Amino acid sequence: MSSYHVPRRQFLAGLGAAGSGLVTPLGARAKGRQTAPAAPLLPPLEFELHITRRTMHIAGQHGVGYCVNGHMPGPLLRWQEGREVVIHVYNHMDEPTALHWHGVRLPSAQDGVPGLSFAGIPPRGRYTYRFPVQQSGTYWYHSHMGHQESAGLYGALIIEPAGASLLPKAERDYTILLSDWSDVSAAQIVANLKMQDDYYNFRQRSIASLPQESRAAGGLGAALKSRLQWSHMRMSATDISDVSGVLYRYLMNGKPAQEGWSGLFTPGERICLRVINAAAMTLFDVRIPGLTMQLVEADGNPVVPVNLDEFRIGPGETYAVLLTPQEGKPYTIFAQSEDRTGYARGTLTPHEGLLGSLPAMDPRPVRGMVDMGMAMPMKNGAAKMAMPPTIARAPADEIDDPGPPPVNVENQNVAAHPIERVTSPGDGLEGLGRRVLAYSDLIALRPPPDQRPPSREIILHLTGNMERYIWGFNGRKYSESGPIHLAYGERVRFTIINDTMMEHPLHLHGLWSELETGADDQHRPLKHTVISQPGSRMSVLVTADIRGVWAYHCHLMYHMQTGMFREVVVS
């Protein structure tokens with residue numbers, strides 16, 4: 001059994017530890033388990049985190065991994081809304097490090113991004129994070145230094161609300177942390193991708209696949225035309241993920257599929273699964289055959305419950321789902337990679353040692369005209385979803401409405417007809433006969449705190465060149481771009497146009513992204529990470545309500561590190 005489960009009654013107590021993987025506040029270690037005092041001012045919750053590096057042995061691979069308090073993934077942290085947290089981080093390595101509290105609203109200096117908000121934690125040094133906890137829900141933490149995150153420096157973070165929870169009660173509460181792992185160093189992976197963009201794509205289209213493509217495209221002529229278009233762009237329609245299962249082992253709570261993670265249940269119990277994608281480069285599609293999931297939380301924020309069979313989760317995103325197994329048999333938690341080259345697995349079981357059966361992998365997705373940004377408008381001129389109202393824009397410069405970036409060494413494609421895709425679950429998930437989550441299904445359970453309309457719009461094109469493996473915003477990588485300036489208190493609309501043929505999970509530090517899905521002003525969901533689909537146009541509203549310097553980047557690690565990163569300055 002994993003220490004990533006704590007009985008809910010103990011969770012509510014907030015100060016007891018269950019297993020070696022749970023970090024106990026320092027005060028609780030000294031005094032034993034406590035109940036929250038009645039006094040209005042509670043003492044801070046203190047934690048010690050010790051970061052080390054050692055050789056890991058995972059599914060036959062041996063590579064360098066990063067540990068927090070001796071564990072990879074790091075320990076599950078539990079905080080409480082309304083309390084101050086004090087986290088003492090000790091760096092026992094000969095290299096600098098840092099921890100970022102993903103999705104947490106806090107002072108910029110505590111955000112943990114070296115070079116932006118603080119200097120980092122030096123080798124053999126220590127740093128103390130201190131800030132008030134102002135939210136609740138499912139979050140996570142990870143390194144923002146070099147390639148450490150991709151090699152295991154991450155962990156789950158659960159924040160209990162100060163008052164009554166808006167989520168339905170559950171008898172069991174499990175955290176599912178998904179990730180990818182390789183014994184090849186991140187530096188070598190990037191070098192291989194720069195040398196050959198499809199280095200890890202062994203599933204190219206061939207003569208053998210032509211009949212199936214012809215049936216899907218509506219004829220041999222259409223299939224051949226598609227191949228010629230992709231050849232002209234020097235890209236592959238089957239290049240779904242830059243790094244595939246050829247290299248990666250996909251993990252659930254640190255365990256590979258051969259070993260698997262397991263959690264106990266009693267038939268009839270309601271279970272809460274908190275799913276976090278901590279992968280460096282992998283989008284996962286998650287389902288539990290035989291069980292309906294009820295999604296109740298997205299990126300830490302409660303949503304109107306929606307029943308579904310499957311959901312896609314991008315790196316950085318978090319979801320909470322409820323389910324109630326009625327039969328005393330094992331159920332498989334199946335998380336297949338978007339490119340269908342592998343999977344992570346877990347088991348919900350009434351007894352130790354039982355394994356659920358594995359479902360068949362779905363067919364691999366194949367990119368099409370929509371992903372190129374070449375989907376033609378409907379004959380009646382109607383859009384797939386009503387576009388946001390036009391608002392006044394600031395004078396055009398490199399940030400505000402720069403216009404479509406040209407095709408050049410840093411930009412391989414321009415989406416001629418980007419469309420709204422928030423009603424789509426994503427490539428490879430349509431037409432399978434399962435209920436799959438789309439962003440338009442997310443309806444906030446409580447109104448967003450700021451009801452003002454935006455005063456201006458900032459247009460950002462997501463751009464890249466796969467052949468050279470360069471990524472950026474508006475045709476520029478980070479080293480060539482200036483910051484995005486926001487005035488304190490300002491409310492803006494970020495419009496994202498994805499000119500690339502890949503998904504990009506975009507994470508804005510420190511500030512909420514209020515996703516425009518077609519819902520009314522009272523029900524737009526708040527997220528800290530949003531997936532921009534290929535060839536799409538989407539928009540989020542942002543209120544600049546915390547001063548400081550914030551990172552804004554793609555959470556596919558190698559996209560961020562090769563240019564898809566910007567600074568947002570609120571002053």
# chains A, B, ... in the order shown; residues from 1 in each chain; ligands from 1

$ select_by_dssp --residues "segment 263-486 of chain A" --states "helix (DSSP H, G or I)" --output "PyMOL selection string"
chain A and resi 439-441+478-480

$ write_last_selection --atoms "C-alpha atoms" --output "PDB file, in the first residue's frame"
ATOM      1  CA  TYR A 439     -13.142  21.971 -21.001  1.00  0.00           C
ATOM      2  CA  SER A 440     -16.672  23.136 -21.810  1.00  0.00           C
ATOM      3  CA  ASP A 441     -17.896  20.599 -19.196  1.00  0.00           C
ATOM      4  CA  TYR A 478      12.555  33.456 -24.216  1.00  0.00           C
ATOM      5  CA  SER A 479      16.068  34.836 -24.666  1.00  0.00           C
ATOM      6  CA  GLU A 480      14.765  37.193 -27.384  1.00  0.00           C
TER       7      GLU A 480
END

$ residues_around --residues "Glu503 of chain A" --least-positions-apart "3" --cutoff "7 Å" --atoms "only C-alpha atoms" --output "PyMOL selection string"
chain A and resi 531-534

$ closest_residue --among "A:Gly518, A:Pro454, A:Gly268, A:Gly342" --to "Val246 of chain A" --atoms "only C-alpha atoms"
A:Gly342

$ select_by_dssp --residues "segment 73-119 of chain A" --states "strand (DSSP E)" --output "PDB file with C-alpha atoms, in the first residue's frame"
ATOM      1  CA  LEU A  77       2.323  17.493   1.995  1.00  0.00           C
ATOM      2  CA  ARG A  78      -0.937  18.433   3.694  1.00  0.00           C
ATOM      3  CA  TRP A  79      -1.673  22.052   4.522  1.00  0.00           C
ATOM      4  CA  GLN A  80      -4.713  23.870   5.872  1.00  0.00           C
ATOM      5  CA  GLU A  84       0.731  30.023   7.687  1.00  0.00           C
ATOM      6  CA  VAL A  85       3.199  27.440   6.420  1.00  0.00           C
ATOM      7  CA  VAL A  86       6.924  27.472   7.092  1.00  0.00           C
ATOM      8  CA  ILE A  87       8.937  25.064   4.944  1.00  0.00           C
ATOM      9  CA  HIS A  88      12.623  24.592   5.725  1.00  0.00           C
ATOM     10  CA  VAL A  89      14.329  23.179   2.610  1.00  0.00           C
ATOM     11  CA  TYR A  90      17.808  21.689   2.973  1.00  0.00           C
ATOM     12  CA  ASN A  91      19.881  21.142  -0.168  1.00  0.00           C
ATOM     13  CA  HIS A 100       7.900  25.812  -6.806  1.00  0.00           C
ATOM     14  CA  TRP A 101       4.439  25.462  -5.239  1.00  0.00           C
ATOM     15  CA  HIS A 102       2.413  24.800  -8.376  1.00  0.00           C
TER      16      HIS A 102
END

$ residues_around --residues "Gly60 of chain A" --least-positions-apart "3" --cutoff "12 Å" --atoms "only C-alpha atoms" --output "PDB file with N, CA and C atoms, in the first residue's frame"
ATOM      1  N   MET A  56      18.568   5.658  -9.092  1.00  0.00           N
ATOM      2  CA  MET A  56      17.274   5.002  -8.964  1.00  0.00           C
ATOM      3  C   MET A  56      17.241   3.772  -9.869  1.00  0.00           C
ATOM      4  N   HIS A  57      16.523   2.751  -9.440  1.00  0.00           N
ATOM      5  CA  HIS A  57      16.354   1.526 -10.220  1.00  0.00           C
ATOM      6  C   HIS A  57      14.867   1.346 -10.471  1.00  0.00           C
ATOM      7  N   GLY A  63      19.175   5.191 -13.346  1.00  0.00           N
ATOM      8  CA  GLY A  63      19.511   6.568 -13.665  1.00  0.00           C
ATOM      9  C   GLY A  63      19.520   7.428 -12.421  1.00  0.00           C
ATOM     10  N   TRP A 181       9.525   8.602 -16.695  1.00  0.00           N
ATOM     11  CA  TRP A 181      10.891   8.388 -16.178  1.00  0.00           C
ATOM     12  C   TRP A 181      11.767   7.777 -17.259  1.00  0.00           C
ATOM     13  N   SER A 182      13.024   8.213 -17.307  1.00  0.00           N
ATOM     14  CA  SER A 182      13.999   7.618 -18.212  1.00  0.00           C
ATOM     15  C   SER A 182      15.368   7.617 -17.565  1.00  0.00           C
ATOM     16  N   ASP A 183      16.183   6.623 -17.939  1.00  0.00           N
ATOM     17  CA  ASP A 183      17.567   6.608 -17.463  1.00  0.00           C
ATOM     18  C   ASP A 183      18.463   7.477 -18.331  1.00  0.00           C
ATOM     19  N   TYR A 248      10.486   6.262 -22.375  1.00  0.00           N
ATOM     20  CA  TYR A 248       9.921   6.489 -21.050  1.00  0.00           C
ATOM     21  C   TYR A 248       9.337   5.235 -20.415  1.00  0.00           C
ATOM     22  N   ARG A 249       9.423   5.197 -19.086  1.00  0.00           N
ATOM     23  CA  ARG A 249       8.603   4.313 -18.267  1.00  0.00           C
ATOM     24  C   ARG A 249       7.583   5.212 -17.585  1.00  0.00           C
ATOM     25  N   PRO A 256       6.230   1.651 -11.698  1.00  0.00           N
ATOM     26  CA  PRO A 256       5.999   1.354 -13.108  1.00  0.00           C
ATOM     27  C   PRO A 256       4.821   0.408 -13.288  1.00  0.00           C
ATOM     28  N   GLN A 258       4.527  -2.528 -14.516  1.00  0.00           N
ATOM     29  CA  GLN A 258       4.722  -3.928 -14.148  1.00  0.00           C
ATOM     30  C   GLN A 258       4.456  -4.159 -12.667  1.00  0.00           C
ATOM     31  N   GLU A 259       4.773  -3.159 -11.864  1.00  0.00           N
ATOM     32  CA  GLU A 259       4.604  -3.281 -10.425  1.00  0.00           C
ATOM     33  C   GLU A 259       3.234  -2.777  -9.992  1.00  0.00           C
TER      34      GLU A 259
END

$ closest_residue --among "A:Leu177, A:Ile459, A:Val243, A:Met501" --to "Gly373 of chain A" --atoms "only C-alpha atoms"
A:Met501

$ residues_around --residues "Tyr200 of chain A" --least-positions-apart "2" --cutoff "12 Å" --atoms "only C-alpha atoms" --output "list in words"
Ile189, Val190, Asn192, Leu193, Lys194, Met195, Gln196, Asp197, Asp198, Phe202, Arg203, Gln204, Thr238, Asp239, Ile240, Ser241, Asp242, Val243, Ser244, Gly245, Val246, Leu247, Tyr248, Asp339 and Thr341 of chain A

$ residues_around --residues "Ala156 of chain A" --least-positions-apart "5" --cutoff "8 Å" --atoms "only C-alpha atoms" --output "MDAnalysis selection string"
chainID A and resid 74:77 138:141 175 177 276

$ write_last_selection --atoms "N, CA and C atoms" --output "PDB file, in the first residue's frame"
ATOM      1  N   GLY A  74       8.481  12.856  -4.035  1.00  0.00           N
ATOM      2  CA  GLY A  74       8.622  13.412  -2.705  1.00  0.00           C
ATOM      3  C   GLY A  74       7.390  13.156  -1.856  1.00  0.00           C
ATOM      4  N   PRO A  75       7.473  13.431  -0.573  1.00  0.00           N
ATOM      5  CA  PRO A  75       6.364  13.137   0.334  1.00  0.00           C
ATOM      6  C   PRO A  75       5.132  13.984   0.029  1.00  0.00           C
ATOM      7  N   LEU A  76       3.997  13.422   0.352  1.00  0.00           N
ATOM      8  CA  LEU A  76       2.726  14.134   0.245  1.00  0.00           C
ATOM      9  C   LEU A  76       2.638  15.159   1.368  1.00  0.00           C
ATOM     10  N   LEU A  77       2.472  16.424   1.009  1.00  0.00           N
ATOM     11  CA  LEU A  77       2.323  17.493   1.995  1.00  0.00           C
ATOM     12  C   LEU A  77       0.842  17.813   2.167  1.00  0.00           C
ATOM     13  N   THR A 138      -6.390  20.435  -4.553  1.00  0.00           N
ATOM     14  CA  THR A 138      -5.331  19.513  -4.963  1.00  0.00           C
ATOM     15  C   THR A 138      -4.281  20.254  -5.781  1.00  0.00           C
ATOM     16  N   TYR A 139      -3.036  20.236  -5.319  1.00  0.00           N
ATOM     17  CA  TYR A 139      -1.947  20.926  -5.994  1.00  0.00           C
ATOM     18  C   TYR A 139      -0.702  20.027  -5.961  1.00  0.00           C
ATOM     19  N   TRP A 140       0.439  20.579  -6.315  1.00  0.00           N
ATOM     20  CA  TRP A 140       1.676  19.807  -6.222  1.00  0.00           C
ATOM     21  C   TRP A 140       2.857  20.767  -6.169  1.00  0.00           C
ATOM     22  N   TYR A 141       4.027  20.206  -5.920  1.00  0.00           N
ATOM     23  CA  TYR A 141       5.247  21.016  -5.875  1.00  0.00           C
ATOM     24  C   TYR A 141       6.321  20.318  -6.696  1.00  0.00           C
ATOM     25  N   THR A 175      -4.329   9.865  -3.517  1.00  0.00           N
ATOM     26  CA  THR A 175      -3.658  10.746  -4.459  1.00  0.00           C
ATOM     27  C   THR A 175      -2.953   9.906  -5.511  1.00  0.00           C
ATOM     28  N   LEU A 177      -0.363  10.266  -8.484  1.00  0.00           N
ATOM     29  CA  LEU A 177       0.649  11.138  -9.080  1.00  0.00           C
ATOM     30  C   LEU A 177       1.230  10.431 -10.305  1.00  0.00           C
ATOM     31  N   ILE A 276      -2.883  13.970 -10.325  1.00  0.00           N
ATOM     32  CA  ILE A 276      -1.918  15.022 -10.620  1.00  0.00           C
ATOM     33  C   ILE A 276      -1.005  14.533 -11.735  1.00  0.00           C
TER      34      ILE A 276
END

$ atom_distance --atom1 "atom CA of Gln412 of chain A" --atom2 "atom CA of Gly368 of chain A"
16.2 Å

$ closest_residue --among "A:Trp512, A:Phe118, A:Phe284, A:Tyr66" --to "His147 of chain A" --atoms "only C-alpha atoms"
A:Tyr66

$ residues_around --residues "Ala487 of chain A" --least-positions-apart "3" --cutoff "12 Å" --atoms "only C-alpha atoms" --output "number ranges by chain"
A: 455-456, 484, 490-492, 542-549, 568-571
